Each structure stands twice: as C-alpha cells, then as structure tokens.
$ cat structure-v4.pdb   # PDB, C-alpha atoms
MODEL        1
ATOM      1  CA  MET A  30     -11.114 -22.359  -6.114
ATOM      2  CA  LEU A  31      -7.903 -20.415  -5.494
ATOM      3  CA  GLU A  32      -6.868 -20.933  -9.120
ATOM      4  CA  ASN A  33     -10.113 -19.332 -10.304
ATOM      5  CA  LEU A  34      -9.485 -16.380  -7.995
ATOM      6  CA  LYS A  35      -6.015 -15.999  -9.504
ATOM      7  CA  LEU A  36      -7.516 -16.183 -12.985
ATOM      8  CA  PHE A  37     -10.040 -13.454 -12.200
ATOM      9  CA  LEU A  38      -7.331 -11.121 -10.874
ATOM     10  CA  MET A  39      -5.170 -11.874 -13.917
ATOM     11  CA  ILE A  40      -8.071 -10.838 -16.179
ATOM     12  CA  LEU A  41      -8.218  -7.505 -14.350
ATOM     13  CA  GLU A  42      -4.458  -7.014 -14.553
ATOM     14  CA  LYS A  43      -4.204  -7.822 -18.271
ATOM     15  CA  GLY A  44      -7.428  -6.097 -19.284
ATOM     16  CA  SER A  45      -8.826  -8.932 -21.381
ATOM     17  CA  LEU A  46      -9.753 -12.604 -21.186
ATOM     18  CA  SER A  47      -7.462 -13.576 -24.044
ATOM     19  CA  ALA A  48      -4.417 -11.820 -22.554
ATOM     20  CA  ALA A  49      -5.053 -13.487 -19.189
ATOM     21  CA  GLY A  50      -5.342 -16.834 -20.939
ATOM     22  CA  ARG A  51      -2.017 -16.355 -22.717
ATOM     23  CA  GLU A  52      -0.349 -15.483 -19.434
ATOM     24  CA  LEU A  53      -1.692 -18.600 -17.727
ATOM     25  CA  GLY A  54      -1.521 -20.947 -20.701
ATOM     26  CA  LEU A  55      -5.294 -21.248 -21.081
ATOM     27  CA  SER A  56      -7.478 -21.007 -24.169
ATOM     28  CA  PRO A  57      -9.913 -18.065 -24.455
ATOM     29  CA  ALA A  58     -12.787 -20.522 -24.288
ATOM     30  CA  SER A  59     -11.461 -21.993 -21.041
ATOM     31  CA  VAL A  60     -10.999 -18.555 -19.484
ATOM     32  CA  SER A  61     -14.514 -17.524 -20.491
ATOM     33  CA  GLU A  62     -15.987 -20.759 -19.149
ATOM     34  CA  ARG A  63     -14.246 -20.412 -15.776
ATOM     35  CA  LEU A  64     -15.343 -16.794 -15.456
ATOM     36  CA  MET A  65     -18.931 -17.785 -16.214
ATOM     37  CA  MET A  66     -18.683 -20.506 -13.562
ATOM     38  CA  LEU A  67     -17.575 -17.939 -10.990
ATOM     39  CA  GLU A  68     -20.374 -15.551 -11.868
ATOM     40  CA  SER A  69     -22.900 -18.381 -11.901
ATOM     41  CA  TYR A  70     -21.745 -19.666  -8.518
ATOM     42  CA  TYR A  71     -22.069 -16.239  -6.890
ATOM     43  CA  LYS A  72     -25.162 -15.332  -8.935
ATOM     44  CA  ALA A  73     -23.618 -11.984  -9.870
ATOM     45  CA  THR A  74     -22.028 -10.239 -12.842
ATOM     46  CA  PHE A  75     -18.449  -9.242 -12.073
ATOM     47  CA  LEU A  76     -17.397  -7.685 -15.388
ATOM     48  CA  THR A  77     -19.084  -5.500 -17.962
ATOM     49  CA  ARG A  78     -17.676  -6.563 -21.310
ATOM     50  CA  THR A  79     -17.525  -4.638 -24.571
ATOM     51  CA  THR A  80     -15.563  -5.359 -27.727
ATOM     52  CA  ARG A  81     -12.783  -3.031 -26.528
ATOM     53  CA  SER A  82     -12.668  -3.096 -22.754
ATOM     54  CA  LEU A  83     -13.632  -4.668 -19.467
ATOM     55  CA  SER A  84     -14.911  -2.787 -16.428
ATOM     56  CA  LEU A  85     -15.684  -3.954 -12.911
ATOM     57  CA  THR A  86     -19.226  -3.922 -11.585
ATOM     58  CA  ASP A  87     -19.762  -3.090  -7.913
ATOM     59  CA  GLU A  88     -20.037  -6.815  -7.216
ATOM     60  CA  GLY A  89     -16.881  -7.421  -9.244
ATOM     61  CA  ARG A  90     -14.943  -4.849  -7.242
ATOM     62  CA  MET A  91     -16.111  -6.475  -4.003
ATOM     63  CA  PHE A  92     -15.138  -9.896  -5.345
ATOM     64  CA  ALA A  93     -11.702  -8.662  -6.458
ATOM     65  CA  GLU A  94     -10.957  -7.233  -3.021
ATOM     66  CA  GLY A  95     -12.096 -10.454  -1.361
ATOM     67  CA  ALA A  96     -10.128 -12.611  -3.804
ATOM     68  CA  ARG A  97      -6.987 -10.591  -3.192
ATOM     69  CA  ARG A  98      -7.473 -10.900   0.560
ATOM     70  CA  LEU A  99      -8.020 -14.677   0.406
ATOM     71  CA  LEU A 100      -4.989 -15.214  -1.824
ATOM     72  CA  ALA A 101      -2.853 -13.057   0.464
ATOM     73  CA  GLU A 102      -3.960 -15.114   3.457
ATOM     74  CA  ALA A 103      -3.244 -18.363   1.607
ATOM     75  CA  ASP A 104       0.139 -17.065   0.482
ATOM     76  CA  GLU A 105       1.014 -15.972   4.003
ATOM     77  CA  LEU A 106      -0.041 -19.330   5.418
ATOM     78  CA  GLU A 107       2.055 -21.220   2.867
ATOM     79  CA  SER A 108       5.043 -18.973   3.492
ATOM     80  CA  ARG A 109       4.883 -19.518   7.238
ATOM     81  CA  ILE A 110       4.483 -23.268   6.909
ATOM     82  CA  ARG A 111       7.205 -23.712   4.307
ATOM     83  CA  SER A 112       9.793 -21.220   5.498
ATOM     84  CA  GLY A 113       8.916 -20.227   9.026
ATOM     85  CA  THR A 114       7.762 -16.833  10.145
ATOM     86  CA  GLN A 115      11.122 -15.107   9.690
ATOM     87  CA  LYS A 116      11.645 -15.524   5.955
ATOM     88  CA  ILE A 117      10.277 -12.824   3.646
ATOM     89  CA  SER A 118       9.546 -13.900   0.073
ATOM     90  CA  GLY A 119       7.217 -13.357  -2.864
ATOM     91  CA  PRO A 120       6.075 -10.546  -5.189
ATOM     92  CA  ILE A 121       5.205  -6.958  -4.228
ATOM     93  CA  LYS A 122       3.475  -4.513  -6.586
ATOM     94  CA  ILE A 123       3.891  -0.803  -5.887
ATOM     95  CA  THR A 124       3.052   2.485  -7.574
ATOM     96  CA  ALA A 125       4.636   5.881  -6.879
ATOM     97  CA  PRO A 126       5.035   9.296  -8.547
ATOM     98  CA  VAL A 127       7.776   9.323 -11.189
ATOM     99  CA  ASP A 128      10.190  11.822  -9.610
ATOM    100  CA  LEU A 129       9.736  10.661  -6.033
ATOM    101  CA  GLY A 130       9.939   7.054  -7.155
ATOM    102  CA  GLN A 131      13.189   7.379  -9.055
ATOM    103  CA  THR A 132      15.020   9.663  -6.645
ATOM    104  CA  ARG A 133      13.758   8.457  -3.254
ATOM    105  CA  VAL A 134      11.920   5.135  -3.480
ATOM    106  CA  VAL A 135      14.107   3.133  -5.886
ATOM    107  CA  PRO A 136      17.225   3.328  -3.646
ATOM    108  CA  ILE A 137      15.134   2.024  -0.741
ATOM    109  CA  LEU A 138      13.821  -0.826  -2.892
ATOM    110  CA  ASP A 139      17.327  -1.720  -4.050
ATOM    111  CA  ARG A 140      18.533  -2.065  -0.457
ATOM    112  CA  PHE A 141      15.409  -4.043   0.486
ATOM    113  CA  LEU A 142      15.972  -6.519  -2.361
ATOM    114  CA  VAL A 143      19.573  -7.070  -1.297
ATOM    115  CA  GLN A 144      18.400  -7.841   2.228
ATOM    116  CA  HIS A 145      15.538 -10.059   1.019
ATOM    117  CA  PRO A 146      16.640 -11.895  -2.154
ATOM    118  CA  ALA A 147      13.471 -14.037  -2.252
ATOM    119  CA  VAL A 148      11.321 -10.929  -2.818
ATOM    120  CA  THR A 149      10.462  -9.551  -6.275
ATOM    121  CA  ILE A 150       9.334  -5.965  -6.955
ATOM    122  CA  ASP A 151       6.972  -4.723  -9.683
ATOM    123  CA  LEU A 152       7.207  -0.908  -9.572
ATOM    124  CA  ASN A 153       4.785   1.253 -11.560
ATOM    125  CA  LEU A 154       6.049   4.847 -11.745
ATOM    126  CA  THR A 155       3.270   7.189 -12.824
ATOM    127  CA  ASP A 156       2.029  10.654 -11.936
ATOM    128  CA  SER A 157      -1.570   9.529 -12.470
ATOM    129  CA  PHE A 158      -3.757   7.813  -9.899
ATOM    130  CA  VAL A 159      -3.933   4.045 -10.267
ATOM    131  CA  ASP A 160      -6.887   1.897  -9.200
ATOM    132  CA  LEU A 161      -5.170  -0.337  -6.669
ATOM    133  CA  ALA A 162      -7.906  -2.963  -6.569
ATOM    134  CA  SER A 163      -8.242  -3.546 -10.304
ATOM    135  CA  GLN A 164      -4.469  -3.443 -10.932
ATOM    136  CA  GLY A 165      -3.535  -5.709  -8.045
ATOM    137  CA  ILE A 166      -1.298  -3.076  -6.439
ATOM    138  CA  ASP A 167      -0.233  -3.847  -2.865
ATOM    139  CA  PHE A 168       0.275  -0.186  -1.968
ATOM    140  CA  ALA A 169       0.845   3.269  -3.425
ATOM    141  CA  ILE A 170       2.824   6.319  -2.352
ATOM    142  CA  ARG A 171       0.775   9.460  -2.936
ATOM    143  CA  TYR A 172       0.918  13.190  -2.307
ATOM    144  CA  GLY A 173      -1.850  15.398  -1.004
ATOM    145  CA  LYS A 174      -4.909  15.171   1.158
ATOM    146  CA  PHE A 175      -6.287  11.677   1.641
ATOM    147  CA  SER A 176     -10.021  11.439   1.002
ATOM    148  CA  ASN A 177     -10.635   7.918  -0.350
ATOM    149  CA  SER A 178     -12.528   6.122   2.405
ATOM    150  CA  THR A 179     -12.184   2.773   0.622
ATOM    151  CA  LEU A 180      -8.412   2.725   1.206
ATOM    152  CA  LYS A 181      -6.288   2.739   4.309
ATOM    153  CA  ALA A 182      -3.590   5.391   4.652
ATOM    154  CA  ARG A 183      -0.395   5.891   6.615
ATOM    155  CA  ALA A 184       1.038   9.399   6.739
ATOM    156  CA  ILE A 185       4.825   9.328   6.391
ATOM    157  CA  GLY A 186       5.741  13.006   6.222
ATOM    158  CA  ASP A 187       4.799  16.511   5.167
ATOM    159  CA  ASN A 188       4.860  17.679   1.592
ATOM    160  CA  ARG A 189       5.105  21.279   0.421
ATOM    161  CA  ARG A 190       4.555  22.304  -3.189
ATOM    162  CA  LEU A 191       6.540  25.253  -4.460
ATOM    163  CA  VAL A 192       7.231  27.254  -7.607
ATOM    164  CA  CYS A 193      10.824  27.328  -8.787
ATOM    165  CA  GLY A 194      13.028  28.036 -11.795
ATOM    166  CA  SER A 195      16.656  27.970 -12.770
ATOM    167  CA  PRO A 196      18.924  30.975 -12.024
ATOM    168  CA  GLU A 197      19.423  31.397 -15.776
ATOM    169  CA  TYR A 198      15.676  31.606 -16.424
ATOM    170  CA  LEU A 199      15.120  34.094 -13.597
ATOM    171  CA  GLN A 200      17.987  36.260 -14.810
ATOM    172  CA  ARG A 201      16.549  36.253 -18.321
ATOM    173  CA  ARG A 202      12.850  36.688 -17.473
ATOM    174  CA  GLY A 203      12.890  38.259 -14.013
ATOM    175  CA  THR A 204      11.648  36.973 -10.659
ATOM    176  CA  PRO A 205       7.875  36.984 -10.033
ATOM    177  CA  LEU A 206       7.035  38.830  -6.811
ATOM    178  CA  HIS A 207       3.283  38.095  -6.719
ATOM    179  CA  PRO A 208       1.257  35.152  -8.092
ATOM    180  CA  ASP A 209      -0.298  37.489 -10.677
ATOM    181  CA  ASP A 210       3.189  37.980 -12.160
ATOM    182  CA  LEU A 211       3.048  34.410 -13.474
ATOM    183  CA  ASN A 212       0.949  35.733 -16.360
ATOM    184  CA  GLN A 213       4.196  37.136 -17.742
ATOM    185  CA  HIS A 214       6.120  33.855 -17.437
ATOM    186  CA  ASP A 215       6.463  30.512 -19.180
ATOM    187  CA  CYS A 216       4.989  27.971 -16.777
ATOM    188  CA  ILE A 217       5.618  24.272 -17.308
ATOM    189  CA  MET A 218       2.335  22.458 -16.730
ATOM    190  CA  MET A 219       1.459  18.965 -15.593
ATOM    191  CA  ARG A 220      -1.175  16.924 -17.414
ATOM    192  CA  PHE A 221      -3.153  14.530 -15.222
ATOM    193  CA  MET A 222      -5.846  12.090 -16.312
ATOM    194  CA  GLN A 223      -8.513  14.649 -15.411
ATOM    195  CA  GLY A 224      -6.843  17.431 -17.394
ATOM    196  CA  ILE A 225      -3.996  19.937 -17.485
ATOM    197  CA  ASP A 226      -3.042  21.658 -14.241
ATOM    198  CA  ARG A 227      -3.432  25.211 -15.555
ATOM    199  CA  VAL A 228      -4.577  26.710 -12.240
ATOM    200  CA  TRP A 229      -1.890  27.102  -9.569
ATOM    201  CA  SER A 230      -3.046  27.678  -6.012
ATOM    202  CA  PHE A 231      -1.524  30.054  -3.471
ATOM    203  CA  GLN A 232      -2.603  32.013  -0.425
ATOM    204  CA  VAL A 233      -2.659  35.809  -0.224
ATOM    205  CA  ASP A 234      -3.297  37.458   3.140
ATOM    206  CA  GLY A 235      -4.230  34.032   4.497
ATOM    207  CA  ALA A 236      -6.941  33.441   1.891
ATOM    208  CA  PRO A 237      -6.863  30.980  -1.057
ATOM    209  CA  TYR A 238      -5.703  32.604  -4.290
ATOM    210  CA  ALA A 239      -5.715  30.883  -7.689
ATOM    211  CA  VAL A 240      -3.880  31.956 -10.838
ATOM    212  CA  SER A 241      -4.305  30.596 -14.361
ATOM    213  CA  VAL A 242      -0.925  29.970 -15.940
ATOM    214  CA  ASN A 243       0.275  29.382 -19.488
ATOM    215  CA  GLY A 244       3.397  28.155 -21.189
ATOM    216  CA  GLN A 245       4.856  26.304 -24.151
ATOM    217  CA  ARG A 246       5.439  23.002 -22.386
ATOM    218  CA  THR A 247       2.986  20.469 -20.942
ATOM    219  CA  THR A 248       3.666  16.836 -20.037
ATOM    220  CA  ASN A 249       2.346  13.982 -17.925
ATOM    221  CA  ASN A 250       5.836  13.204 -16.603
ATOM    222  CA  GLY A 251       6.927  14.960 -13.426
ATOM    223  CA  GLN A 252      10.600  14.226 -13.984
ATOM    224  CA  LEU A 253      10.515  15.889 -17.395
ATOM    225  CA  ILE A 254       8.927  18.976 -15.836
ATOM    226  CA  LYS A 255      11.905  19.284 -13.496
ATOM    227  CA  GLN A 256      14.333  18.614 -16.345
ATOM    228  CA  TRP A 257      12.830  21.448 -18.409
ATOM    229  CA  ALA A 258      12.995  23.774 -15.409
ATOM    230  CA  LEU A 259      16.665  22.897 -14.873
ATOM    231  CA  GLN A 260      17.300  23.715 -18.530
ATOM    232  CA  GLY A 261      15.829  27.189 -18.033
ATOM    233  CA  GLN A 262      12.704  26.540 -20.091
ATOM    234  CA  GLY A 263      10.264  27.960 -17.525
ATOM    235  CA  LEU A 264       8.895  27.902 -14.012
ATOM    236  CA  CYS A 265       7.501  24.702 -12.522
ATOM    237  CA  LYS A 266       5.424  23.757  -9.509
ATOM    238  CA  LYS A 267       6.896  20.749  -7.759
ATOM    239  CA  SER A 268       6.941  18.886  -4.503
ATOM    240  CA  ILE A 269       9.780  19.731  -2.145
ATOM    241  CA  TRP A 270      10.638  16.014  -2.186
ATOM    242  CA  ASP A 271      11.410  16.248  -5.900
ATOM    243  CA  VAL A 272      13.517  19.419  -5.989
ATOM    244  CA  GLU A 273      15.063  19.707  -2.518
ATOM    245  CA  ALA A 274      18.525  18.633  -3.686
ATOM    246  CA  ASP A 275      18.395  21.047  -6.640
ATOM    247  CA  LEU A 276      17.382  23.933  -4.380
ATOM    248  CA  VAL A 277      20.204  23.200  -1.943
ATOM    249  CA  ALA A 278      22.719  22.984  -4.813
ATOM    250  CA  GLY A 279      21.440  26.219  -6.386
ATOM    251  CA  ARG A 280      20.355  24.559  -9.618
ATOM    252  CA  LEU A 281      16.802  25.760  -8.910
ATOM    253  CA  VAL A 282      15.558  28.775  -6.963
ATOM    254  CA  GLU A 283      12.222  28.978  -5.157
ATOM    255  CA  VAL A 284       9.976  31.955  -5.944
ATOM    256  CA  LEU A 285       6.732  33.185  -4.372
ATOM    257  CA  ALA A 286       7.575  31.438  -1.089
ATOM    258  CA  ASP A 287       5.520  33.999   0.877
ATOM    259  CA  TYR A 288       2.410  32.882  -0.999
ATOM    260  CA  ALA A 289       2.893  29.114  -0.762
ATOM    261  CA  LEU A 290       0.090  26.943   0.613
ATOM    262  CA  PRO A 291       0.577  25.115   3.928
ATOM    263  CA  PRO A 292       2.120  21.644   3.686
ATOM    264  CA  THR A 293      -0.006  18.581   3.020
ATOM    265  CA  ALA A 294       0.872  14.955   3.771
ATOM    266  CA  LEU A 295       2.749  12.250   1.933
ATOM    267  CA  HIS A 296       0.912   8.934   2.343
ATOM    268  CA  ILE A 297       1.306   5.239   1.798
ATOM    269  CA  VAL A 298      -2.142   3.950   0.837
ATOM    270  CA  TYR A 299      -3.293   0.368   0.447
ATOM    271  CA  PRO A 300      -6.477  -1.683   0.026
ATOM    272  CA  PRO A 301      -8.322  -2.480   3.265
ATOM    273  CA  SER A 302      -7.393  -6.155   3.239
ATOM    274  CA  ARG A 303      -7.737  -7.872   6.565
ATOM    275  CA  VAL A 304      -4.343  -9.564   6.163
ATOM    276  CA  GLN A 305      -1.317  -8.412   4.173
ATOM    277  CA  PRO A 306       1.667 -10.662   3.461
ATOM    278  CA  ARG A 307       4.567 -10.040   5.806
ATOM    279  CA  ARG A 308       6.756  -8.963   2.887
ATOM    280  CA  VAL A 309       4.327  -6.104   2.133
ATOM    281  CA  THR A 310       4.023  -4.873   5.717
ATOM    282  CA  LYS A 311       7.801  -5.080   6.117
ATOM    283  CA  LEU A 312       8.442  -2.975   3.007
ATOM    284  CA  ILE A 313       5.797  -0.420   4.031
ATOM    285  CA  ASP A 314       7.540  -0.087   7.402
ATOM    286  CA  VAL A 315      10.946   0.343   5.748
ATOM    287  CA  ILE A 316       9.759   2.975   3.258
ATOM    288  CA  ALA A 317       7.840   4.881   5.928
ATOM    289  CA  GLU A 318      10.848   4.897   8.266
ATOM    290  CA  GLU A 319      13.386   5.950   5.646
ATOM    291  CA  LEU A 320      11.248   8.654   4.033
ATOM    292  CA  ALA A 321      10.335  10.037   7.447
ATOM    293  CA  MET A 322      14.052  10.577   8.074
ATOM    294  CA  ALA A 323      14.712  12.125   4.636
ATOM    295  CA  PRO A 324      15.814  15.798   4.451
ATOM    296  CA  ALA A 325      12.569  16.906   2.807
ATOM    297  CA  ALA A 326      10.442  15.432   5.568
ATOM    298  CA  ASP A 327      10.315  18.786   7.327
ATOM    299  CA  ALA A 328       8.975  20.327   4.084
ATOM    300  CA  SER A 329      11.488  23.154   4.220
ATOM    301  CA  VAL A 330      14.833  24.090   2.744
ATOM    302  CA  THR A 331      17.274  26.315   4.556
TER     303      THR A 331
ENDMDL
END
$ encode --input "structure-v4.pdb" --output "structure tokens"
Amino acid sequence: MLENLKLFLMILEKGSLSAAGRELGLSPASVSERLMMLESYYKATFLTRTTRSLSLTDEGRMFAEGARRLLAEADELESRIRSGTQKISGPIKITAPVDLGQTRVVPILDRFLVQHPAVTIDLNLTDSFVDLASQGIDFAIRYGKFSNSTLKARAIGDNRRLVCGSPEYLQRRGTPLHPDDLNQHDCIMMRFMQGIDRVWSFQVDGAPYAVSVNGQRTTNNGQLIKQWALQGQGLCKKSIWDVEADLVAGRLVEVLADYALPPTALHIVYPPSRVQPRRVTKLIDVIAEELAMAPAADASVT
C-alpha cells in the first residue's frame, strides 16, 4: 500500500503518469493500472486527466495530504527504529523567494547539511507561490499576510517593503518626494503568476494610497530586479531582507520612506500534517531561529 502512495505522489511531482513511471522504473500501463486500483479501492476520482495535463480533484487533494502524512509517519517510525531518535536523516523539500533564498536561506542550509550529513535538500527558489501539497514540499518561506487556512504558519520576523534606487540613478533622475512622483521614473516591475505588479501601495496621511508605475524592465526574478537597480536602471520595490546589506553599504538608497506601509510578517508555512519527520521540524526550528536573529528582523535600517 505504501508503494502505491509513493507512486501517486510521484505522479503529482512529475506531472504525468509516464514521467512517474520512468522515475520508478514502471511501464505506463503499470502506473495507470495501479492508479485505477487506488481510485477503485476508494471509490473516488483523484486526478482529472487531459492530453496535456493532470489536475487534482478535491478527493485527490485530500488523498495526497493523507498519503504524505502516512508516508511521513512510516518514515519517522523507520528512522527511529533503525537509527534511534537522535539521528536526523532523509530528504527535505523546501521553497523560498529567490533573493531571500540565495542570500539568507542557502547559508543556513549549508551549515545544516554539514551538521547532518544524512540529510538531503531539494530547494526550489521561486518568487511565485507553489502548491505545497501537489509538489510534495515540506515547507515554504513566504512574505506577507498569511490567509491560507489550509496551511499552518509560523511567523519568524517582520518584513518591510521599500522603494530604493542606486545613488547614480537618483543623481541622474532625481529623488521622488511623493508617491505620485514615480510617474516620472523608470520603475522595475515584478511579474507574478497572477500578473505584473504595476500598482505600488503606500500610505499618505495614514490612509492607503496606490500608484500605477511604469518602466522598461519587468521580470519574474527578484534577484534580477535588485541587480538592475544596483546598475542604475531604475527604482525597485523590495523586501528589507533582500536589500538591507546594500542599503547599509550605500549601494542602494531608500526613497519615499515616509509613505511606506507598516511591516508585515515573514512566515514558514507547511501542510497541516499530523506528524512531520524530525529532520523537517529540526530544520524549521533552525531557520526560524537564525532568521529571527538576522539584522533585517527588526525591519529597519539605521
């Protein structure tokens, strides 16, 4: 039964029956037969299949979460029996924003792997939201307000978003003194899955204030946005976690600070599994502790 659960999760991870079969050394016919057996046993359809894609039904999502929980419990039981409760081993899958991941999270992971050589890390750096359940992600690090009631969250610090540019750009184009002044500037915009972030939010006299911005450069990569800003190509809106070192060093300069929105939280979020492997809970604790002590945790630069 556990092997069929693993097969189902592999189908979700790879996005097709044939790709899952190749990964596990099974024929497409065998994969299809085992999936049909699962659906027949539970008298439910788990996947909606087209010629190009697979998508989870509500029952399939419930089954995936349960399968992941059962496999985690089995893995934890095996680990405790084989190695005792003190040894940490096995795979961990994580997702984090590109800039934060490379500058803050990767060094933590490197130290963790040195301390726990039996652990393996699969890190997905993306500035888009990832479906943790369908991708088999153990946990994600995310900015902003937490509103997904199907996930559990652990706040690990404050996050302030700010507008900044290089000294060279500000000398050449001038410093905006009010959000409306951004209409006269090149703004480097972020493209998310739901669209381009063309509207930047501020507060004026304590009330929300939104400004539509424009510019020559748009990307879905947060690190590239900062790189362009450092090169003097325009103004960017970034998390303090991403640009704190550049602000301190003078490579970037914050503008419109008087109009910035109040800080929001930085979270670790994870599926609501009843049991998580010890390796996952240990890494969550380490990341939460180290990021909470990081310079940007107070969401301010002096």
$ atom_distance --input "structure-v4.pdb" --atom1 "atom CA of Ile185 of chain A" --atom2 "atom CA of Val315 of chain A"
10.9 Å
$ residues_around --input "structure-v4.pdb" --residues "segment 46-58 of chain A" --least-positions-apart "6" --cutoff "12 Å" --atoms "only C-alpha atoms" --output "PyMOL selection string"
chain A and resi 32-33+35-40+64-65+76+78-83
$ resolve_selection --input "structure-v4.pdb" --expression "the PyMOL selection byres ((chain A and resi 161) around 10)" --output "list of chain:residue names"
A:Glu94, A:Lys122, A:Ile123, A:Thr124, A:Phe158, A:Val159, A:Asp160, A:Ala162, A:Ser163, A:Gln164, A:Gly165, A:Ile166, A:Asp167, A:Phe168, A:Ala169, A:Leu180, A:Val298, A:Tyr299, A:Pro300
$ closest_residue --input "structure-v4.pdb" --among "A:Gly44, A:Glu68, A:Leu211, A:Ala96" --to "Leu31 of chain A" --atoms "only C-alpha atoms"
A:Ala96
$ residues_around --input "structure-v4.pdb" --residues "His145 of chain A" --least-positions-apart "5" --cutoff "10 Å" --atoms "only C-alpha atoms" --output "number ranges by chain"
A: 116-119, 139-140, 308
$ write_last_selection --input "structure-v4.pdb" --atoms "C-alpha atoms" --output "PDB file, in the frame of the given file"
ATOM      1  CA  LYS A 116      11.645 -15.524   5.955  1.00  0.00           C
ATOM      2  CA  ILE A 117      10.277 -12.824   3.646  1.00  0.00           C
ATOM      3  CA  SER A 118       9.546 -13.900   0.073  1.00  0.00           C
ATOM      4  CA  GLY A 119       7.217 -13.357  -2.864  1.00  0.00           C
ATOM      5  CA  ASP A 139      17.327  -1.720  -4.050  1.00  0.00           C
ATOM      6  CA  ARG A 140      18.533  -2.065  -0.457  1.00  0.00           C
ATOM      7  CA  ARG A 308       6.756  -8.963   2.887  1.00  0.00           C
TER       8      ARG A 308
END
$ residues_around --input "structure-v4.pdb" --residues "Val284 of chain A" --least-positions-apart "4" --cutoff "12 Å" --atoms "only C-alpha atoms" --output "number ranges by chain"
A: 190-196, 198-199, 203-208, 210-211, 231, 264-267, 276, 288-289
$ closest_residue --input "structure-v4.pdb" --among "A:Ile313, A:Ile150, A:Ala182, A:Leu285" --to "Ser230 of chain A" --atoms "only C-alpha atoms"
A:Leu285
$ build_atoms --input "structure-v4.pdb" --residues "segment 47-60 of chain A" --atoms "N, CA, C and O atoms" --output "CSV table (one decimal), in the coordinates of the input"
chain,number,residue,atom,x,y,z
A,47,SER,N,-8.5,-12.9,-23.2
A,47,SER,CA,-7.5,-13.6,-24.0
A,47,SER,C,-6.1,-13.3,-23.5
A,47,SER,O,-5.2,-14.3,-23.5
A,48,ALA,N,-5.8,-12.1,-23.1
A,48,ALA,CA,-4.4,-11.8,-22.6
A,48,ALA,C,-4.2,-12.6,-21.3
A,48,ALA,O,-3.1,-13.1,-21.0
A,49,ALA,N,-5.2,-12.7,-20.4
A,49,ALA,CA,-5.1,-13.5,-19.2
A,49,ALA,C,-4.8,-15.0,-19.5
A,49,ALA,O,-4.0,-15.6,-18.9
A,50,GLY,N,-5.5,-15.5,-20.5
A,50,GLY,CA,-5.3,-16.8,-20.9
A,50,GLY,C,-3.9,-17.1,-21.4
A,50,GLY,O,-3.3,-18.1,-21.1
A,51,ARG,N,-3.4,-16.2,-22.2
A,51,ARG,CA,-2.0,-16.4,-22.7
A,51,ARG,C,-1.0,-16.4,-21.6
A,51,ARG,O,-0.1,-17.2,-21.6
A,52,GLU,N,-1.3,-15.5,-20.6
A,52,GLU,CA,-0.3,-15.5,-19.4
A,52,GLU,C,-0.4,-16.8,-18.6
A,52,GLU,O,0.7,-17.2,-18.1
A,53,LEU,N,-1.5,-17.4,-18.5
A,53,LEU,CA,-1.7,-18.6,-17.7
A,53,LEU,C,-1.7,-19.9,-18.5
A,53,LEU,O,-1.9,-21.0,-18.0
A,54,GLY,N,-1.5,-19.8,-19.9
A,54,GLY,CA,-1.5,-20.9,-20.7
A,54,GLY,C,-2.9,-21.6,-20.9
A,54,GLY,O,-3.0,-22.8,-21.0
A,55,LEU,N,-3.9,-20.8,-20.9
A,55,LEU,CA,-5.3,-21.2,-21.1
A,55,LEU,C,-5.9,-20.7,-22.4
A,55,LEU,O,-5.6,-19.6,-22.8
A,56,SER,N,-6.8,-21.5,-23.0
A,56,SER,CA,-7.5,-21.0,-24.2
A,56,SER,C,-8.5,-19.9,-23.8
A,56,SER,O,-9.0,-19.9,-22.7
A,57,PRO,N,-8.9,-19.0,-24.7
A,57,PRO,CA,-9.9,-18.1,-24.5
A,57,PRO,C,-11.2,-18.7,-24.0
A,57,PRO,O,-11.9,-18.2,-23.1
A,58,ALA,N,-11.5,-19.8,-24.6
A,58,ALA,CA,-12.8,-20.5,-24.3
A,58,ALA,C,-12.8,-21.0,-22.8
A,58,ALA,O,-13.7,-20.9,-22.1
A,59,SER,N,-11.6,-21.5,-22.4
A,59,SER,CA,-11.5,-22.0,-21.0
A,59,SER,C,-11.6,-20.9,-20.0
A,59,SER,O,-12.2,-21.0,-19.0
A,60,VAL,N,-10.9,-19.7,-20.4
A,60,VAL,CA,-11.0,-18.6,-19.5
A,60,VAL,C,-12.4,-18.1,-19.4
A,60,VAL,O,-12.9,-17.8,-18.3
